[in-house]
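J.: Supplied in structure tokens, the structure appears directly below.
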Amino acid sequence: MQLHSIHTGNFKLDGGAMFGVVPKVLWQKHITPDSNNLCTWAMRCLLIEDGDHLLLIDTGIGNKQSEKFFQHYHLHGPTSMDSELERSGFSRDDITDVLLTHLHFDHVGGAVERNSMGQLRPAFPNAQYWTCQPHWDWAINPNSRERASFLTENLLPLEESGQLNFIERSGRWNHNPISSKFPGLEIFFADGHTESQMLPIVEFKGTKVAYMADLTPSVAHLPTAWVIGYDTRPLLTMEEKVELLTKAEKENWILFFEHDAQNACCTLQATEKGIRARNLAPSLELLWG
Ligand SMILES: [Zn+2]
């Protein structure tokens, strides 16, 4: 098995929105905002290569929205989905599976593209796409808080394509979600950010690597109370972080960050203040040396 970090580019979001009730004097010690209080965030996907199977986790924001939409998010950075797949030796056609942690546009936007006829189509033509039923139902009937994050152009083309599949959920953990293809994969379901967000955890080189998605989008979000302002159930997010980070620290896992612009991953240590990063690395390869 091999893991490839796929950095699809950076975008900007308001620092206050990303740190909720945490005062700016505290969060700006970790991330420097620009003059409009916007901070840079990565959209870093993870590609799991296992035998003949290639599983892509999340897809970034994509490129099909209007110029006006993209202006709000200040896309920048030297890499893209295509350049990163090519660097790893693959193309879109090679992807066999796409797991969507949740259906907010910065995670699923790249799953659907506009073809030369202007039609919306799955951007990975040979892939099975994976979501879960409770999250799908939540996304296609959006609450007013998340309505701007669930875009129909990201959802309906997947449903119409026949390429959409549902991972079963019963409880907090699913230890064998796509068993025939990826036997070592587990899913932790988290409901604080949105309903039934899926965090994939994969066994690699004798340890586990957890894709943290929006439960802990960056190293700065490790403290229990540092919860994203967009979360629909912040108290639940705090419980979920304690559960997952405690297990991860005890078992020496590696956390992989989707949105941290500086750090792709870290290991953990228990401190008197709580669980914090031990080793930080800008790439997975560096953590293994
Ligand atoms: Zn999200």
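The way I read the labels, and the way they are meant: chains A, B, ... in the order of the structure tokens, residue 1 as the first residue of every chain, and ligand 1 as the first ligand shown, with later ones counted on from there.
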Tell me, as a ChimeraX atom specification, which residues lie within 7 Å of A:Cys265, counting only C-alpha atoms; anything in the same chain fewer than 2 positions away does not count.
T.: /A:254-257,263,280-284
J.: Distance limit 8 Å, reference ligand 1, atoms considered: only C-alpha atoms and all ligand atoms. Which residues make the cut? Give them as a ChimeraX atom specification.
T.: /A:102-107,149,193-194,213-214,230
J.: Please give the complete set of residues from stretch 25-156 of chain A that DSSP, run on the backbone, assigns to strand (DSSP E or B), formatted as a VMD selection string.
T.: chain A and resid 38 to 50 53 to 57 76 97 to 99 112 to 114 120 to 122 128 to 132
J.: Using only C-alpha atoms, please write the residues we just selected to a file, as a PDB file, in the first residue's frame.
T.:
ATOM      1  CA  LEU A  38      -9.000  35.987   5.984  1.00  0.00           C
ATOM      2  CA  CYS A  39      -6.707  33.017   6.601  1.00  0.00           C
ATOM      3  CA  THR A  40      -5.240  30.609   4.066  1.00  0.00           C
ATOM      4  CA  TRP A  41      -6.407  26.994   4.217  1.00  0.00           C
ATOM      5  CA  ALA A  42      -5.334  23.993   2.178  1.00  0.00           C
ATOM      6  CA  MET A  43      -7.626  21.576   0.348  1.00  0.00           C
ATOM      7  CA  ARG A  44      -5.459  18.484   0.750  1.00  0.00           C
ATOM      8  CA  CYS A  45      -6.861  15.155  -0.371  1.00  0.00           C
ATOM      9  CA  LEU A  46      -5.401  11.725   0.331  1.00  0.00           C
ATOM     10  CA  LEU A  47      -4.920   9.023  -2.291  1.00  0.00           C
ATOM     11  CA  ILE A  48      -4.702   5.443  -1.033  1.00  0.00           C
ATOM     12  CA  GLU A  49      -3.054   3.061  -3.509  1.00  0.00           C
ATOM     13  CA  ASP A  50      -3.793  -0.552  -2.597  1.00  0.00           C
ATOM     14  CA  HIS A  53      -7.472  -0.001  -6.249  1.00  0.00           C
ATOM     15  CA  LEU A  54      -7.025   3.746  -5.938  1.00  0.00           C
ATOM     16  CA  LEU A  55      -9.171   5.451  -3.320  1.00  0.00           C
ATOM     17  CA  LEU A  56      -9.287   9.247  -3.325  1.00  0.00           C
ATOM     18  CA  ILE A  57     -10.502  10.895  -0.138  1.00  0.00           C
ATOM     19  CA  HIS A  76      -4.265  30.190  -4.948  1.00  0.00           C
ATOM     20  CA  ASP A  97     -13.132   4.978  -5.663  1.00  0.00           C
ATOM     21  CA  VAL A  98     -13.819   8.421  -4.236  1.00  0.00           C
ATOM     22  CA  LEU A  99     -14.797   8.691  -0.570  1.00  0.00           C
ATOM     23  CA  VAL A 112     -18.140  16.912 -10.513  1.00  0.00           C
ATOM     24  CA  GLU A 113     -16.849  18.767 -13.572  1.00  0.00           C
ATOM     25  CA  ARG A 114     -18.329  20.521 -16.578  1.00  0.00           C
ATOM     26  CA  LEU A 120     -22.055  18.355 -15.334  1.00  0.00           C
ATOM     27  CA  ARG A 121     -20.451  14.925 -15.028  1.00  0.00           C
ATOM     28  CA  PRO A 122     -18.489  12.971 -12.416  1.00  0.00           C
ATOM     29  CA  GLN A 128     -17.432   4.499  -7.465  1.00  0.00           C
ATOM     30  CA  TYR A 129     -18.314   7.463  -5.246  1.00  0.00           C
ATOM     31  CA  TRP A 130     -18.985   6.822  -1.548  1.00  0.00           C
ATOM     32  CA  THR A 131     -21.109   8.830   0.878  1.00  0.00           C
ATOM     33  CA  CYS A 132     -23.518   7.610   3.578  1.00  0.00           C
TER      34      CYS A 132
END
J.: Find the residues around A:Thr152 up to 10 Å (only C-alpha atoms counted), leave out those fewer than 6 positions away in its own chain, and share them as a PyMOL selection string.
T.: chain A and resi 105+139-140+158
J.: Could you name the residues that touch A:Leu85 at 12 Å or less, counting only C-alpha atoms, but leaving out those on the same chain fewer than 2 positions away, as a list in words?
T.: Leu3, His4, Ser5, Ile6, His7, Thr8, Cys45, Leu46, Leu47, Ile48, Glu49, Leu54, Leu56, Thr59, Thr79, Ser80, Met81, Asp82, Ser83, Arg87, Ser88, Gly89, Phe90, Ser91, Arg92, Asp93, Asp94, Ile95 and Phe124 of chain A
J.: Take the residues that were just selected and, keeping C-alpha atoms, output them as a PDB file, in the first residue's frame.
T.:
ATOM      1  CA  LEU A   3      -0.318   6.898   0.436  1.00  0.00           C
ATOM      2  CA  HIS A   4      -0.102  10.023  -1.723  1.00  0.00           C
ATOM      3  CA  SER A   5      -0.920  13.518  -0.511  1.00  0.00           C
ATOM      4  CA  ILE A   6      -2.919  15.349  -3.196  1.00  0.00           C
ATOM      5  CA  HIS A   7      -2.829  19.086  -2.508  1.00  0.00           C
ATOM      6  CA  THR A   8      -5.493  20.598  -4.776  1.00  0.00           C
ATOM      7  CA  CYS A  45      -6.861  15.155  -0.371  1.00  0.00           C
ATOM      8  CA  LEU A  46      -5.401  11.725   0.331  1.00  0.00           C
ATOM      9  CA  LEU A  47      -4.920   9.023  -2.291  1.00  0.00           C
ATOM     10  CA  ILE A  48      -4.702   5.443  -1.033  1.00  0.00           C
ATOM     11  CA  GLU A  49      -3.054   3.061  -3.509  1.00  0.00           C
ATOM     12  CA  LEU A  54      -7.025   3.746  -5.938  1.00  0.00           C
ATOM     13  CA  LEU A  56      -9.287   9.247  -3.325  1.00  0.00           C
ATOM     14  CA  THR A  59     -11.799  16.246  -4.019  1.00  0.00           C
ATOM     15  CA  THR A  79      -0.748  22.716  -7.334  1.00  0.00           C
ATOM     16  CA  SER A  80      -4.047  21.288  -8.606  1.00  0.00           C
ATOM     17  CA  MET A  81      -5.845  17.942  -8.602  1.00  0.00           C
ATOM     18  CA  ASP A  82      -4.415  17.117 -12.043  1.00  0.00           C
ATOM     19  CA  SER A  83      -0.843  18.218 -11.352  1.00  0.00           C
ATOM     20  CA  ARG A  87       3.136  13.780  -9.810  1.00  0.00           C
ATOM     21  CA  SER A  88       1.935  10.575  -8.145  1.00  0.00           C
ATOM     22  CA  GLY A  89       1.906   8.755 -11.489  1.00  0.00           C
ATOM     23  CA  PHE A  90      -1.851   8.687 -12.066  1.00  0.00           C
ATOM     24  CA  SER A  91      -4.674  10.390 -13.935  1.00  0.00           C
ATOM     25  CA  ARG A  92      -8.368  10.902 -13.163  1.00  0.00           C
ATOM     26  CA  ASP A  93      -9.255   7.795 -15.186  1.00  0.00           C
ATOM     27  CA  ASP A  94      -7.237   5.597 -12.806  1.00  0.00           C
ATOM     28  CA  ILE A  95      -9.264   6.461  -9.692  1.00  0.00           C
ATOM     29  CA  PHE A 124     -13.587  10.624 -12.081  1.00  0.00           C
TER      30      PHE A 124
END
J.: Within 9 Å of stretch 164-178 of chain A, counting only C-alpha atoms, which residues show up once you throw out same-chain ones fewer than 3 positions away? Write them as a ChimeraX atom specification, please.
T.: /A:128-134,136,158-161,181-190,196
J.: Smallest atom-to-atom distance to A:Lys29: which of A:Ala220, A:Gly109, A:Gly9, A:Leu155, using only C-alpha atoms?
T.: A:Ala220
J.: Out of A:Gln2, A:Glu84, A:Tyr73, A:Phe19, which residue has the shortest atom-to-atom distance to A:His221 when counting only C-alpha atoms?
T.: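 The shortest atom-to-atom distance to A:His221 comes from A:Phe19.
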J.: List every residue of stretch 87-167 of chain A that DSSP, applied to the backbone of this structure, assigns to helix (DSSP H, G or I), and report them as a tab-separated table (two decimals) with C-alpha atoms, in the first residue's frame.
T.:
chain	number	residue	atom	x	y	z
A	87	ARG	CA	3.14	13.78	-9.81
A	92	ARG	CA	-8.37	10.90	-13.16
A	93	ASP	CA	-9.25	7.80	-15.19
A	94	ASP	CA	-7.24	5.60	-12.81
A	105	PHE	CA	-18.41	22.37	-1.50
A	106	ASP	CA	-14.74	22.57	-0.48
A	107	HIS	CA	-14.74	18.75	-0.15
A	108	VAL	CA	-16.99	17.63	-3.01
A	109	GLY	CA	-16.66	20.45	-5.59
A	110	GLY	CA	-13.92	18.59	-7.46
A	111	ALA	CA	-16.05	15.44	-7.69
A	133	GLN	CA	-27.30	7.75	3.62
A	134	PRO	CA	-27.86	9.97	6.70
A	135	HIS	CA	-25.44	12.58	5.38
A	136	TRP	CA	-26.84	12.42	1.85
A	137	ASP	CA	-30.39	12.93	3.15
A	138	TRP	CA	-29.14	15.84	5.26
A	139	ALA	CA	-27.37	17.45	2.29
A	140	ILE	CA	-30.21	17.21	-0.24
A	152	THR	CA	-27.06	21.00	-5.98
A	153	GLU	CA	-24.55	21.05	-8.86
A	154	ASN	CA	-22.23	18.95	-6.67
A	155	LEU	CA	-24.90	16.44	-5.66
A	156	LEU	CA	-27.42	15.77	-8.43
A	157	PRO	CA	-24.87	14.82	-11.13
A	158	LEU	CA	-23.47	12.17	-8.78
A	159	GLU	CA	-26.91	10.76	-8.07
A	160	GLU	CA	-27.84	10.72	-11.78
A	161	SER	CA	-24.56	9.09	-12.83
J.: Enter the distance from atom CA of A:Thr32 to atom CA of A:Trp226, in Å, rounded to one decimal.
T.: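 About the pair atom CA of A:Thr32 and atom CA of A:Trp226: they are 16.2 Å apart.
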J.: If I take atom CA of A:Val242 and atom CA of A:Ile275, how far is one from the other in Å, to one decimal?
T.: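 Computing the Euclidean distance for atom CA of A:Val242 and atom CA of A:Ile275 yields 8.7 Å.
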J.: Excluding A:Leu215 and residues on its chain fewer than 6 positions from it, collect all residues at most 9 Å away from it, counting only C-alpha atoms, and give them as JSON, numbers by chain.
T.: {"A": [190, 192, 193, 197, 199, 221, 227, 228, 237, 240, 241]}
